Amino acid sequence: MSSRIGVDIGGTFTDLIFFNEDDGSVLVDKVPTTPAAPEIGCVDAINSAVAPDLLRSSSYFLHGTTVGLNALLERKGSVVGFLTTSGFRDVLEIRKGSREEWYNVFWVPDAPLVPRRRRIEVRERMLSSGEALEPLIAEDVIDAVKALREQGVTAIAVSFLNAYMNPAHEIEAEKLIREAGFDGAVSLSHRVSGEYRDYERSSTTVIDAYVRGRLSNYMEHIESRLRAGGFDGTCLITRSGSGSMTFTEAAERPFETIMSGPVAGVEGAAELARTLGLGDIISADVGGTSFDTALIRDGRPQLLYEGSVLGMPLQTPWVDVRSIGAGGGSIAYVDVGGLLQVGPQSAGAEPGPACYGRGGAHATVTDAAFYLGMLASGNLASGIRLDRGKSEAALKPLADRLGYDLTQTAEGIITIAVAAMANAIREITVEQGFDPREMKLLPFGGAGPMLATELARELDMREIIIPPCAGNFSALGLLTSDLLQSAALTRPMPLNDESLSQANDILEGLFKDLKSRGSAGVNGTDTQLEVALDLRYTGQEHSINVQPDADDGMITAAADDVQNRFEATYREAYGGILDTLIEIVSVRASVRRPLSGSMDFTGTESIATSGSTDSVRAYSFIHREYSEFPVMERSQLSGDKQRKGPAIIIEPTTTTYVDADCRYTVDAGGCLRINLEET
Amino acid sequence: MADVDSITVEVIHNYLLSAAREMNRNLMRTAYSTLIYEVHDFGLGLYDRECRLLAEAPGLAVFTRSNDYGLNKMVEFLGYDNIHPGDVILLNYPYWSSTHTLDVMAASPIFHKDELVGFTAVKEHWLDLGQKDPGYCLDTIDLAQEGLVFPCSKIYSKGILNKELEQLIRFNSRMPDRVIGDMNAQISACRTGERRVQELVEKFGVETYAEAVKKMLDHGERLARKRLAELPDGTWTAEDYVDDDGVVRDRKMRLQATVTIAGDEMTIDWTGSDDKCKGPMNVPIGTTEGVCALVFKSITTPDTPANEGNFRPLKVIAPEGCIMNAQPPSPTFTLWTALIAPEVVTKALAKGMPDSIPACSGGDIFSLMGIGTHPDTGKLWIESTNEGIGFGGHSADDGESGIMHMTEPGCRNNPVEVLETKAPWLIENYGLRADSGGAGKHRGGLGITRTYRFLSDASALTLVKKTKTSPWGMADGEDGQAGAVVVRPGTEREQVTGAIYEEVSAGDVIINRSGGGGGWGNPLERDPSLVLDDVRNEFVSVAAAREKYGVIIDPETMAIDNMATDKLRTSMSSALN
């Protein structure tokens with residue numbers, strides 16, 4: 001039996017979901033996050049929602065958290081000292097040198113996590129060939145540890161030049177640091193990442209050292225309290241690069257969890273795409289402040305191999321989720337030039353949109369939608385009853401400045417918010433050479449289903465799939481993730497059969513390393529070894545990730561086959577190929593283990609709401625006029641045949657708006673499917 | 001005329017910006033040249049049929065508006081009657097295209113059915129067009145030495161490739177494959193822009209589109225005028241110097257800008273700048289307009305995307321034949337004058353609004369390039385990188401250290417580890433230069449130093465034209481330390497210079513030192529605890545803390561001697577008065 005508990009901690013709410021494998025039932029809960037100590041809120045939520053016998057019989061606890069990210073945001077991590085090669089301590093501060101706000105000459109980046117006085121140089125030098133030009137001077141390390149301890153350092157990050165080629169000096173330095181009596185966390189750059197680029201690897205190493213203490217304590221607290229409650233299963237945490245890792249491994253590699261927040265929903269979307277054979281889909285997660293979108297092709301989200309947090313790079317796999325400041329709480333305003341704008345400022349949860357009646361005075365996307373009737377009677381699951389008068393009062397000043405009536409103003413707010421979201425989707429599709437019109441839209445989050453038809457129309461997409469538990473879909477997504485570990489090593493070499501054989505030697509080492517990482521307690525069913533190469537045309541910097549044919553973690557493809565695959569990928573993305581030699585840049589290995597037991601959440605029954613199903617007058621965007629919209633309970637639509645819009649479909653944590661030109665039905669998998677008519 | 005609501009205007013505006021970004025991405029990913037995908041040496045945008053800029057996504061800020069002048073010249077030269085669907089037109093005649101010959105503009109008309117609705121324009125740096133020297137030229141004396149020129153030549157005519165022109169390019173370039181590859185990337189970016197605008201016009205119709213564009217540009221104008229009206233009126237003049245013209249090496253060249261703000265209009269007048277020079281430091285008028293536009297944008301509407309409307313309140317004057325308005329056949333290859341010029345404008349503005357303008361930055365982009373045959377592979381290698389500089393202190397804060405020049409905010413430095421895998425270089429250090437930031441109540445940011453040891457014989461090219469004058473301080477702040485390129489330090493052949501193009505031998509060392517920013521405000525008014533913090537971080541030495549800031553710090557205990565500091569500051573103040 002493999003019952004699972006998922007808890008996703010967001011900025012405002014903690015979402016809980018429990019999947020009972022015995023009967024396939026799902027239990028959902030939403031409680032306010034306790035920002036000062038989210039670990040306490042997390043366990044309290046479990047204890048209040050999941051009965052003790054169910055907790056004892058659960059196999060997995062899966063977790064998504066922003067605790068690492070918050071430590072960075074609030075600058076509340078360890079006091080880190082940084083050891084590096086003599087002559088290079090400022091690499092962390094020089095960054096890439098770029099300015100984010102182009103025309104703003106006053107723009108400054110955030111200060112580095114380690115100030116210059118805690119960045120200490122030691123004499124040593126590796127060449128890019130891996131040969132030692134100068135040995136590590138032990139005395140320098142010992143002096144540095146002494147100086148750092150005097151400055152109250154609790155964690156040390158070590159990043160030497162070219163350590164990705166030869167880590168000997170970093171390993172020696174760690175030994176010296178321990179011999180000098182330092183017992184805090186030590187992060188070595190080559191363990192964090194085997195890839196080149198000194199600034200990026202150093203930044204990742206420092207982030208690792210910075211968040212490790214906080215994240216370890218946090219996970220220990222959760223695990224020990226779950227154990228005390230009789231939980232005997234495995235604790236897992238989501239990775240920024242999809243999949244999950246055990247708490248034990250996460251304590252060693254905390255930097256891999258930094259962006260676990262928006263990834264869970266994308267994982268769920270990918271699982272749904274695989275289970276239902278949906279083909280290529282675009283996820284559209286609309287919350288209170290942000291819109292997060294990702295492209296899922298062949299059942300997997302698109303991966304990047306470098307992420308970034310607050311301007312700091314992280315050399316680790318990263319699901320390509322694009323976020324913009326557009327959500328239900330985004331504030332509309334008229335700019336000094338007289339044009340209507342929406343976001344990125346948000347009213348957040350407090351005070352929230354004007355119609356929440358909690359003191360918010362600004363018109364938000366939610367106010368516009370509610371004014372237009374898109375939220376039906378406006379009784380939300382959390383007990384909030386939306387106040388139409390307050391929405392009108394907030395919209396009025398904008399309407400006056402624009403010379404519009406309230407409906408035109410509200411329609412404008414929705415149109416502009418949707419246009420911004422559509423542009424974010426264009427960034428991950430057309431701007432990468434993919435056509436969204438051939439794909440399906442998967443909206444979720446509190447405000448996703450409300451805006452879905454307009455968003456699909458803007459992008460000329462015809463099919464929308466609203467998943468089960470759409471309002472809590474991110475938490476549901478947590479439950480579906482495989483255990484995943486990955487490692488990479490940079491070794492630039494020309495592509496030929498000989499270098500592929502060297503790549504196999506590298507892979508052997510990488511898989512050995514992955515096996516030595518902690519993953520105890522996971523009863524993986526079938527372990528899959530995945531292999532990939534970063535390839536590029538010699539002379540270019542940009543590389544393309546290609547999966548060569550492989551067997552049991554070894555590349556079996558010949559160089560010609562790899563070249564063909566590279567060229568096909570290149571042609572698909574850029575329209576042509578070049579007559580230039582190809583080279584291998586990096587070799588990538590991952591181990592994927594699906595969690596044992598089944599996790600089929602399709603067919604999950606929707607939960608009934610207590611809202612009214614009297615029809616409402618709502619605005620049709622296609623007809624540009626008001627008409628009667630029937631209000632339907634989603635839970636009543638199961639197994640239903642196709643119906644014609646318009647309609648407003650309600651469920652506990654979200655509301656779906658279906659315009660007049662759409663048809664909708666609930667399929668056997670419990671998904672609400674909406675089709676737009678050809679125009 | 002269609003009546004277009006403001007919501008449609010905003011939707012079309014955002015769509016155009018997305019289309020320009022897509023062109024940018026398309027170009028960067030398909031380009032051959034590191035100058036494009038690492039240094040972002042390109043500028044691109046979308047235009048309406050009157051050649052007015054609608055949306056852009058340049059790689060470098062110095063390319064803001066950089067195609068406006070060239071596109072207008074192209075239409076003037078060819079005439080609308082000779083522009084057809086499927087055409088792609090190349091222009092690099094510098095006095096029209098408004099940069100040097102190697103920055104080739106490709107432009108394509110956008111047609112909706114049979115109607116011309118706009119243009120795309122993509123300018124990018126081509127690696128070689130048979131100019132006098134490989135890589136870059138520092139000492140040309142006329143246009144004929146600067147390579148092949150395209151005076152609005154169609155590489156595609158009605159959708160058909162002009163093979164003769166392609167061959168002409170191939171046979172005139174030292175790197176034909178790379179150049180043709182980059183050209184194709186550029187054309188593909190043009191096509192992307194065409195397609196996206198066609199989709200947009202298809203959706204909204206020609207009339208609505210044209211009206212929305214008009215309203216969008218008027219809106220851009222209103223934003224700029226509103227901000228200008230808030231700035232003080234007046235006329236201010238400032239000057240600065242470029243090291244030399246590349247041919248006559250012992251004479252600095254003077255730049256002078258007179259800036260006038262009157263109500264909601266601004267004029268920048270370069271009268272008083274030196275006459276044309278012998279070497280390739282002359283600037284075409286379109287480039288002068290571009291750099292003025294960059295400064296104008298940064299003080300009026302830094303937070304919104306650029307369009308033609310933004311720049312309507314700006315007038316630029318440069319007398320024909322002066323260094324800021326090059327006439328044929330003056331050489332224009334090096335162009336660096338245009339990098340120094342923006343801060344001549346800010347220096348003038350600072351006189352009228354000292355609280356809104358920072359002191360001078362390190363002043364240049366500190367480019368270094370190596371070219372040679374790699375001893376391990378026997379293949380040609382070319383690697384280059386630009387360095388960050390110190391920014392000037394300003395009324396609110398210290399200047400930032402080691403950040404890219406205002407003309408190239410999106411540029412990224414090349415990592416040490418990447419350079420060492422590609423080039424036979426050992427990089428010996430890479431760090432911030434202590435004491436390079438000008439002293440001030442708000443200190444100037446620090447410059448950078450990076451030391452390269454060549455491991456095999458090669459050619460070295462460095463391009464820095466602001467080493468002979470220091471980055472100016474403001475409001476009693478001190479100057480920052482100027483940058484310099486040091487060739488073969490500590491040897492008999494040591495040179496401290498800016499721009500070189502010469503052969504180096506295995507074992508030779510070049511140090512690239514970028515300039516620090518000027519300080520803002522009297523250094524004696526800097527909070528001593530901030531001075532101590534700087535000393536602890538070794539941004540400022542103990543000696544400089546005493547000499548410049550009057551703060552006495554014990555190097556052993558790292559504590560401020562308050563009494564001695566008060567005394568020293570008092571005596572230093574009275575010496576000043």
# chains A, B, ... in the order shown; residues from 1 in each chain; ligands from 1
>>> residues_around(residues="Asp560 in chain A", least_positions_apart="6", cutoff="10 Å", atoms="only C-alpha atoms", output="PyMOL selection string")
chain A and resi 495-497+566
>>> write_last_selection(atoms="N, CA and C atoms", output="JSON list (two decimals), in the first residue's frame")
[["chain", "number", "residue", "atom", "x", "y", "z"],
["A", 495, "LEU", "N", 33.20, 15.72, -30.99],
["A", 495, "LEU", "CA", 32.32, 14.55, -31.02],
["A", 495, "LEU", "C", 32.86, 13.51, -32.01],
["A", 496, "ASN", "N", 33.24, 12.34, -31.49],
["A", 496, "ASN", "CA", 33.61, 11.21, -32.34],
["A", 496, "ASN", "C", 33.46, 9.93, -31.52],
["A", 497, "ASP", "N", 33.69, 8.81, -32.11],
["A", 497, "ASP", "CA", 33.46, 7.56, -31.38],
["A", 497, "ASP", "C", 34.38, 7.43, -30.17],
["A", 566, "PHE", "N", 21.55, 15.51, -32.97],
["A", 566, "PHE", "CA", 21.87, 16.91, -32.68],
["A", 566, "PHE", "C", 21.35, 17.81, -33.81]]
>>> closest_atom_pairs(of="chain B", to="chain A", cutoff="8 Å", atoms="only C-alpha atoms", output="tab-separated table")
residue	atom	partner	partner_atom	distance
B:Ser6	CA	A:Leu339	CA	6.1
B:Ile7	CA	A:Gly412	CA	5.6
B:Glu10	CA	A:Ile416	CA	7.1
B:Val11	CA	A:Ala419	CA	6.1
B:Asn14	CA	A:Ala420	CA	7.3
B:Tyr15	CA	A:Asn423	CA	7.0
B:Ser18	CA	A:Asn423	CA	6.4
B:Arg21	CA	A:Glu431	CA	7.9
B:Glu22	CA	A:Glu431	CA	4.9
B:Arg25	CA	A:Glu431	CA	7.1
B:Asn26	CA	A:Tyr574	CA	7.2
B:Arg29	CA	A:His542	CA	6.9
B:Thr30	CA	A:Tyr574	CA	6.4
B:Ala31	CA	A:Gln540	CA	8.0
B:Tyr32	CA	A:Gln540	CA	6.0
B:Ser33	CA	A:Gln540	CA	7.0
B:Thr34	CA	A:Gln540	CA	6.6
B:Tyr37	CA	A:Glu541	CA	7.3
B:Glu38	CA	A:Glu541	CA	7.7
B:Ala61	CA	A:Trp102	CA	7.0
B:Gly181	CA	A:Leu578	CA	7.6
B:His219	CA	A:Gly337	CA	5.5
B:Gly220	CA	A:Gly337	CA	7.5
B:Arg222	CA	A:Gly337	CA	5.7
B:Leu223	CA	A:Gly337	CA	5.4
B:Leu294	CA	A:Tyr103	CA	7.5
B:Lys297	CA	A:Tyr103	CA	6.7
B:Ser298	CA	A:Tyr103	CA	4.6
B:Pro302	CA	A:Tyr103	CA	4.7
B:Asp303	CA	A:Tyr103	CA	7.2
B:Pro358	CA	A:Phe106	CA	7.9
B:Glu387	CA	A:Gly97	CA	7.5
B:Gly388	CA	A:Gly97	CA	5.6
B:Glu400	CA	A:Val108	CA	6.3
B:Ser401	CA	A:Ile94	CA	7.5
B:Gly402	CA	A:Ile94	CA	5.5
B:Ile403	CA	A:Gly97	CA	4.5
B:Met404	CA	A:Gly97	CA	5.4
B:Met406	CA	A:Val105	CA	6.8
B:Pro409	CA	A:Arg99	CA	4.8
B:Gly410	CA	A:Ser98	CA	5.2
B:Cys411	CA	A:Ser98	CA	5.7
B:Arg412	CA	A:Lys96	CA	4.9
B:Asn413	CA	A:Lys96	CA	5.3
B:Asn414	CA	A:Lys96	CA	7.7
B:Pro415	CA	A:Arg197	CA	5.7
B:Val416	CA	A:Asp198	CA	6.7
B:Glu417	CA	A:Arg197	CA	5.5
B:Val418	CA	A:Arg197	CA	6.1
B:Glu420	CA	A:Ser128	CA	6.0
B:Thr421	CA	A:Ser128	CA	5.9
B:Leu426	CA	A:Leu127	CA	8.0
B:Glu428	CA	A:Gly87	CA	6.8
B:Asn429	CA	A:Gly87	CA	4.3
B:Tyr430	CA	A:Phe88	CA	5.3
B:Gly431	CA	A:Asp90	CA	5.0
B:Leu432	CA	A:Asp90	CA	6.4
B:Arg536	CA	A:Arg117	CA	6.3
B:Asn537	CA	A:Arg117	CA	4.7
B:Glu538	CA	A:Arg117	CA	7.5
>>> closest_atom_pairs(of="range 134-205 of chain B", to="range 448-460 of chain B", cutoff="12 Å", atoms="only C-alpha atoms", output="JSON lines")
{"residue": "B:Pro134", "atom": "CA", "partner": "B:Ser459", "partner_atom": "CA", "distance": 10.1}
{"residue": "B:Gly135", "atom": "CA", "partner": "B:Ser459", "partner_atom": "CA", "distance": 10.1}
{"residue": "B:Tyr136", "atom": "CA", "partner": "B:Ala460", "partner_atom": "CA", "distance": 10.8}
>>> write_last_selection(atoms="N, CA and C atoms", output="short mmCIF file (atom, residue, chain, number, x, y, z; two decimals), in the first residue's frame")
data_model
loop_
_atom_site.label_atom_id
_atom_site.label_comp_id
_atom_site.auth_asym_id
_atom_site.auth_seq_id
_atom_site.Cartn_x
_atom_site.Cartn_y
_atom_site.Cartn_z
N PRO B 134 42.63 42.06 -39.83
CA PRO B 134 41.67 41.07 -39.34
C PRO B 134 41.14 41.48 -37.96
N GLY B 135 39.91 41.16 -37.68
CA GLY B 135 39.36 41.41 -36.35
C GLY B 135 38.81 42.80 -36.19
N TYR B 136 39.71 43.77 -36.15
CA TYR B 136 39.28 45.13 -35.87
C TYR B 136 40.32 46.09 -36.42
#
>>> atom_distance(atom1="CA of Val496 in chain B", atom2="CA of Thr334 in chain B")
19.9 Å
>>> residues_around(residues="Ser377 in chain A", least_positions_apart="2", cutoff="10 Å", atoms="only C-alpha atoms", output="short mmCIF file (atom, residue, chain, number, x, y, z; two decimals) with C-alpha atoms, in the first residue's frame")
data_model
loop_
_atom_site.label_atom_id
_atom_site.label_comp_id
_atom_site.auth_asym_id
_atom_site.auth_seq_id
_atom_site.Cartn_x
_atom_site.Cartn_y
_atom_site.Cartn_z
CA PHE A 370 -16.41 39.54 -10.31
CA GLY A 373 -20.12 37.97 -13.38
CA MET A 374 -17.32 35.51 -14.02
CA LEU A 375 -17.25 34.40 -10.37
CA ASN A 379 -19.12 32.82 -2.33
CA LEU A 380 -15.59 31.51 -1.90
CA ARG A 385 -18.43 36.62 0.35
CA LEU A 386 -17.40 39.01 -2.41
CA ASP A 387 -18.83 42.51 -2.27
CA ARG A 388 -19.99 43.84 -5.61
CA GLY A 611 -22.54 27.76 -3.43
CA SER A 612 -25.76 28.71 -5.16
CA THR A 613 -26.46 27.31 -8.61
CA ASP A 614 -28.91 30.01 -9.61
CA SER A 615 -27.96 31.34 -13.00
CA VAL A 616 -26.18 34.71 -13.13
CA ARG A 617 -25.88 37.55 -15.58
CA VAL A 631 -24.12 28.01 -12.83
#
>>> closest_residue(among="B:Val283, B:Cys51, B:Ala506, B:Val88", to="Trp425 in chain B", atoms="only C-alpha atoms")
B:Ala506
>>> select_by_dssp(residues="range 277-411 of chain B", states="strand (DSSP E)", output="PyMOL selection string")
chain B and resi 314-317+367-373+380-386
>>> write_last_selection(atoms="N, CA and C atoms", output="PDB file, in the first residue's frame")
ATOM      1  N   LEU B 314      13.359  65.374 -28.331  1.00  0.00           N
ATOM      2  CA  LEU B 314      14.820  65.524 -28.343  1.00  0.00           C
ATOM      3  C   LEU B 314      15.303  66.019 -29.696  1.00  0.00           C
ATOM      4  N   LYS B 315      16.146  67.050 -29.648  1.00  0.00           N
ATOM      5  CA  LYS B 315      16.750  67.545 -30.879  1.00  0.00           C
ATOM      6  C   LYS B 315      18.268  67.439 -30.734  1.00  0.00           C
ATOM      7  N   VAL B 316      18.935  66.919 -31.761  1.00  0.00           N
ATOM      8  CA  VAL B 316      20.390  66.747 -31.705  1.00  0.00           C
ATOM      9  C   VAL B 316      21.026  67.589 -32.808  1.00  0.00           C
ATOM     10  N   ILE B 317      22.048  68.366 -32.425  1.00  0.00           N
ATOM     11  CA  ILE B 317      22.753  69.207 -33.403  1.00  0.00           C
ATOM     12  C   ILE B 317      24.231  68.824 -33.403  1.00  0.00           C
ATOM     13  N   SER B 367      37.569  46.448 -23.662  1.00  0.00           N
ATOM     14  CA  SER B 367      37.570  45.250 -24.507  1.00  0.00           C
ATOM     15  C   SER B 367      38.963  44.705 -24.693  1.00  0.00           C
ATOM     16  N   LEU B 368      39.069  43.408 -24.648  1.00  0.00           N
ATOM     17  CA  LEU B 368      40.349  42.759 -24.933  1.00  0.00           C
ATOM     18  C   LEU B 368      40.069  41.542 -25.801  1.00  0.00           C
ATOM     19  N   MET B 369      40.896  41.362 -26.828  1.00  0.00           N
ATOM     20  CA  MET B 369      40.693  40.218 -27.720  1.00  0.00           C
ATOM     21  C   MET B 369      42.035  39.547 -27.991  1.00  0.00           C
ATOM     22  N   GLY B 370      42.018  38.237 -28.076  1.00  0.00           N
ATOM     23  CA  GLY B 370      43.205  37.496 -28.482  1.00  0.00           C
ATOM     24  C   GLY B 370      42.882  36.690 -29.726  1.00  0.00           C
ATOM     25  N   ILE B 371      43.822  36.612 -30.638  1.00  0.00           N
ATOM     26  CA  ILE B 371      43.620  35.868 -31.883  1.00  0.00           C
ATOM     27  C   ILE B 371      44.889  35.075 -32.145  1.00  0.00           C
ATOM     28  N   GLY B 372      44.749  33.797 -32.489  1.00  0.00           N
ATOM     29  CA  GLY B 372      45.955  33.037 -32.791  1.00  0.00           C
ATOM     30  C   GLY B 372      45.635  31.631 -33.246  1.00  0.00           C
ATOM     31  N   THR B 373      46.673  30.827 -33.352  1.00  0.00           N
ATOM     32  CA  THR B 373      46.497  29.420 -33.689  1.00  0.00           C
ATOM     33  C   THR B 373      46.711  28.635 -32.405  1.00  0.00           C
ATOM     34  N   LEU B 380      42.412  28.027 -35.566  1.00  0.00           N
ATOM     35  CA  LEU B 380      42.317  29.443 -35.226  1.00  0.00           C
ATOM     36  C   LEU B 380      41.482  29.629 -33.953  1.00  0.00           C
ATOM     37  N   TRP B 381      41.949  30.462 -33.041  1.00  0.00           N
ATOM     38  CA  TRP B 381      41.095  30.817 -31.910  1.00  0.00           C
ATOM     39  C   TRP B 381      40.942  32.329 -31.839  1.00  0.00           C
ATOM     40  N   ILE B 382      39.746  32.759 -31.454  1.00  0.00           N
ATOM     41  CA  ILE B 382      39.489  34.188 -31.219  1.00  0.00           C
ATOM     42  C   ILE B 382      38.630  34.239 -29.969  1.00  0.00           C
ATOM     43  N   GLU B 383      39.092  34.898 -28.944  1.00  0.00           N
ATOM     44  CA  GLU B 383      38.250  35.073 -27.763  1.00  0.00           C
ATOM     45  C   GLU B 383      38.352  36.507 -27.316  1.00  0.00           C
ATOM     46  N   SER B 384      37.245  37.006 -26.758  1.00  0.00           N
ATOM     47  CA  SER B 384      37.282  38.381 -26.301  1.00  0.00           C
ATOM     48  C   SER B 384      36.371  38.523 -25.105  1.00  0.00           C
ATOM     49  N   THR B 385      36.590  39.563 -24.361  1.00  0.00           N
ATOM     50  CA  THR B 385      35.664  39.870 -23.277  1.00  0.00           C
ATOM     51  C   THR B 385      35.735  41.352 -22.965  1.00  0.00           C
ATOM     52  N   ASN B 386      34.631  41.872 -22.482  1.00  0.00           N
ATOM     53  CA  ASN B 386      34.599  43.242 -21.978  1.00  0.00           C
ATOM     54  C   ASN B 386      34.559  43.164 -20.455  1.00  0.00           C
TER      55      ASN B 386
END
>>> closest_residue(among="B:Thr462, B:Arg49, B:His112, B:Ser505", to="Phe204 in chain B", atoms="only C-alpha atoms")
B:His112
>>> residues_around(residues="Ile296 in chain A", least_positions_apart="5", cutoff="8 Å", atoms="only C-alpha atoms", output="list in words")
Ala269, Ala270, Asp280, Ile281, Ile282, Ser283, Pro301 and Gln302 of chain A
>>> residues_around(residues="Ile560 in chain B", least_positions_apart="4", cutoff="8 Å", atoms="only C-alpha atoms", output="list in words")
Pro528, Leu532, Val551, Ile552, Ile553, Asp554 and Thr565 of chain B
>>> write_last_selection(atoms="N, CA and C atoms", output="PDB file, in the first residue's frame")
ATOM      1  N   PRO B 528      32.426  57.813   9.103  1.00  0.00           N
ATOM      2  CA  PRO B 528      33.646  57.020   9.362  1.00  0.00           C
ATOM      3  C   PRO B 528      33.381  55.518   9.453  1.00  0.00           C
ATOM      4  N   LEU B 532      35.392  52.606   7.561  1.00  0.00           N
ATOM      5  CA  LEU B 532      35.940  51.420   8.227  1.00  0.00           C
ATOM      6  C   LEU B 532      35.481  50.142   7.519  1.00  0.00           C
ATOM      7  N   VAL B 551      40.202  59.589   7.989  1.00  0.00           N
ATOM      8  CA  VAL B 551      39.787  58.631   9.015  1.00  0.00           C
ATOM      9  C   VAL B 551      41.001  57.773   9.374  1.00  0.00           C
ATOM     10  N   ILE B 552      41.328  57.737  10.654  1.00  0.00           N
ATOM     11  CA  ILE B 552      42.521  57.018  11.088  1.00  0.00           C
ATOM     12  C   ILE B 552      42.126  55.674  11.685  1.00  0.00           C
ATOM     13  N   ILE B 553      42.614  54.628  11.039  1.00  0.00           N
ATOM     14  CA  ILE B 553      42.246  53.266  11.429  1.00  0.00           C
ATOM     15  C   ILE B 553      43.522  52.519  11.784  1.00  0.00           C
ATOM     16  N   ASP B 554      43.471  51.843  12.935  1.00  0.00           N
ATOM     17  CA  ASP B 554      44.610  51.024  13.347  1.00  0.00           C
ATOM     18  C   ASP B 554      44.556  49.706  12.573  1.00  0.00           C
ATOM     19  N   THR B 565      40.885  61.115  14.368  1.00  0.00           N
ATOM     20  CA  THR B 565      40.093  61.323  13.158  1.00  0.00           C
ATOM     21  C   THR B 565      39.456  62.715  13.176  1.00  0.00           C
TER      22      THR B 565
END
>>> atom_distance(atom1="CA of Glu179 in chain A", atom2="CA of Lys512 in chain A")
27.4 Å
>>> select_by_dssp(residues="range 226-369 of chain B", states="alpha helix (DSSP H)", output="PyMOL selection string")
chain B and resi 226-230+285-300+337-340+342-352
>>> write_last_selection(atoms="C-alpha atoms", output="PDB file, in the first residue's frame")
ATOM      1  CA  LYS B 226       5.835  64.861 -18.786  1.00  0.00           C
ATOM      2  CA  ARG B 227       9.139  63.884 -17.222  1.00  0.00           C
ATOM      3  CA  LEU B 228      11.093  66.581 -19.082  1.00  0.00           C
ATOM      4  CA  ALA B 229       8.682  69.222 -17.862  1.00  0.00           C
ATOM      5  CA  GLU B 230       9.528  68.215 -14.291  1.00  0.00           C
ATOM      6  CA  ILE B 285      25.325  61.593 -37.257  1.00  0.00           C
ATOM      7  CA  GLY B 286      22.898  58.672 -36.827  1.00  0.00           C
ATOM      8  CA  THR B 287      25.182  57.229 -34.148  1.00  0.00           C
ATOM      9  CA  THR B 288      25.371  60.619 -32.446  1.00  0.00           C
ATOM     10  CA  GLU B 289      21.568  60.700 -32.408  1.00  0.00           C
ATOM     11  CA  GLY B 290      21.553  57.180 -30.978  1.00  0.00           C
ATOM     12  CA  VAL B 291      23.858  57.886 -28.044  1.00  0.00           C
ATOM     13  CA  CYS B 292      21.960  61.083 -27.267  1.00  0.00           C
ATOM     14  CA  ALA B 293      18.764  59.024 -27.329  1.00  0.00           C
ATOM     15  CA  LEU B 294      20.294  56.595 -24.832  1.00  0.00           C
ATOM     16  CA  VAL B 295      21.039  59.335 -22.291  1.00  0.00           C
ATOM     17  CA  PHE B 296      17.700  60.985 -22.975  1.00  0.00           C
ATOM     18  CA  LYS B 297      15.889  57.708 -22.358  1.00  0.00           C
ATOM     19  CA  SER B 298      17.750  57.054 -19.124  1.00  0.00           C
ATOM     20  CA  ILE B 299      16.743  60.390 -17.626  1.00  0.00           C
ATOM     21  CA  THR B 300      13.175  60.603 -18.952  1.00  0.00           C
ATOM     22  CA  THR B 337      34.032  58.279 -29.449  1.00  0.00           C
ATOM     23  CA  ALA B 338      30.389  57.233 -29.252  1.00  0.00           C
ATOM     24  CA  LEU B 339      31.067  55.332 -26.016  1.00  0.00           C
ATOM     25  CA  ILE B 340      32.705  58.322 -24.336  1.00  0.00           C
ATOM     26  CA  PRO B 342      27.068  59.811 -23.352  1.00  0.00           C
ATOM     27  CA  GLU B 343      28.852  60.894 -20.203  1.00  0.00           C
ATOM     28  CA  VAL B 344      29.722  64.247 -21.727  1.00  0.00           C
ATOM     29  CA  VAL B 345      25.979  64.789 -21.890  1.00  0.00           C
ATOM     30  CA  THR B 346      25.423  63.627 -18.313  1.00  0.00           C
ATOM     31  CA  LYS B 347      28.305  65.825 -17.170  1.00  0.00           C
ATOM     32  CA  ALA B 348      26.519  68.849 -18.635  1.00  0.00           C
ATOM     33  CA  LEU B 349      23.198  67.805 -17.104  1.00  0.00           C
ATOM     34  CA  ALA B 350      24.871  67.339 -13.722  1.00  0.00           C
ATOM     35  CA  LYS B 351      25.471  71.065 -13.587  1.00  0.00           C
ATOM     36  CA  GLY B 352      21.745  71.672 -13.611  1.00  0.00           C
TER      37      GLY B 352
END
>>> closest_residue(among="A:Pro353, A:Gly64, A:Gly509, A:Gly41", to="Met259 in chain A", atoms="only C-alpha atoms")
A:Gly64
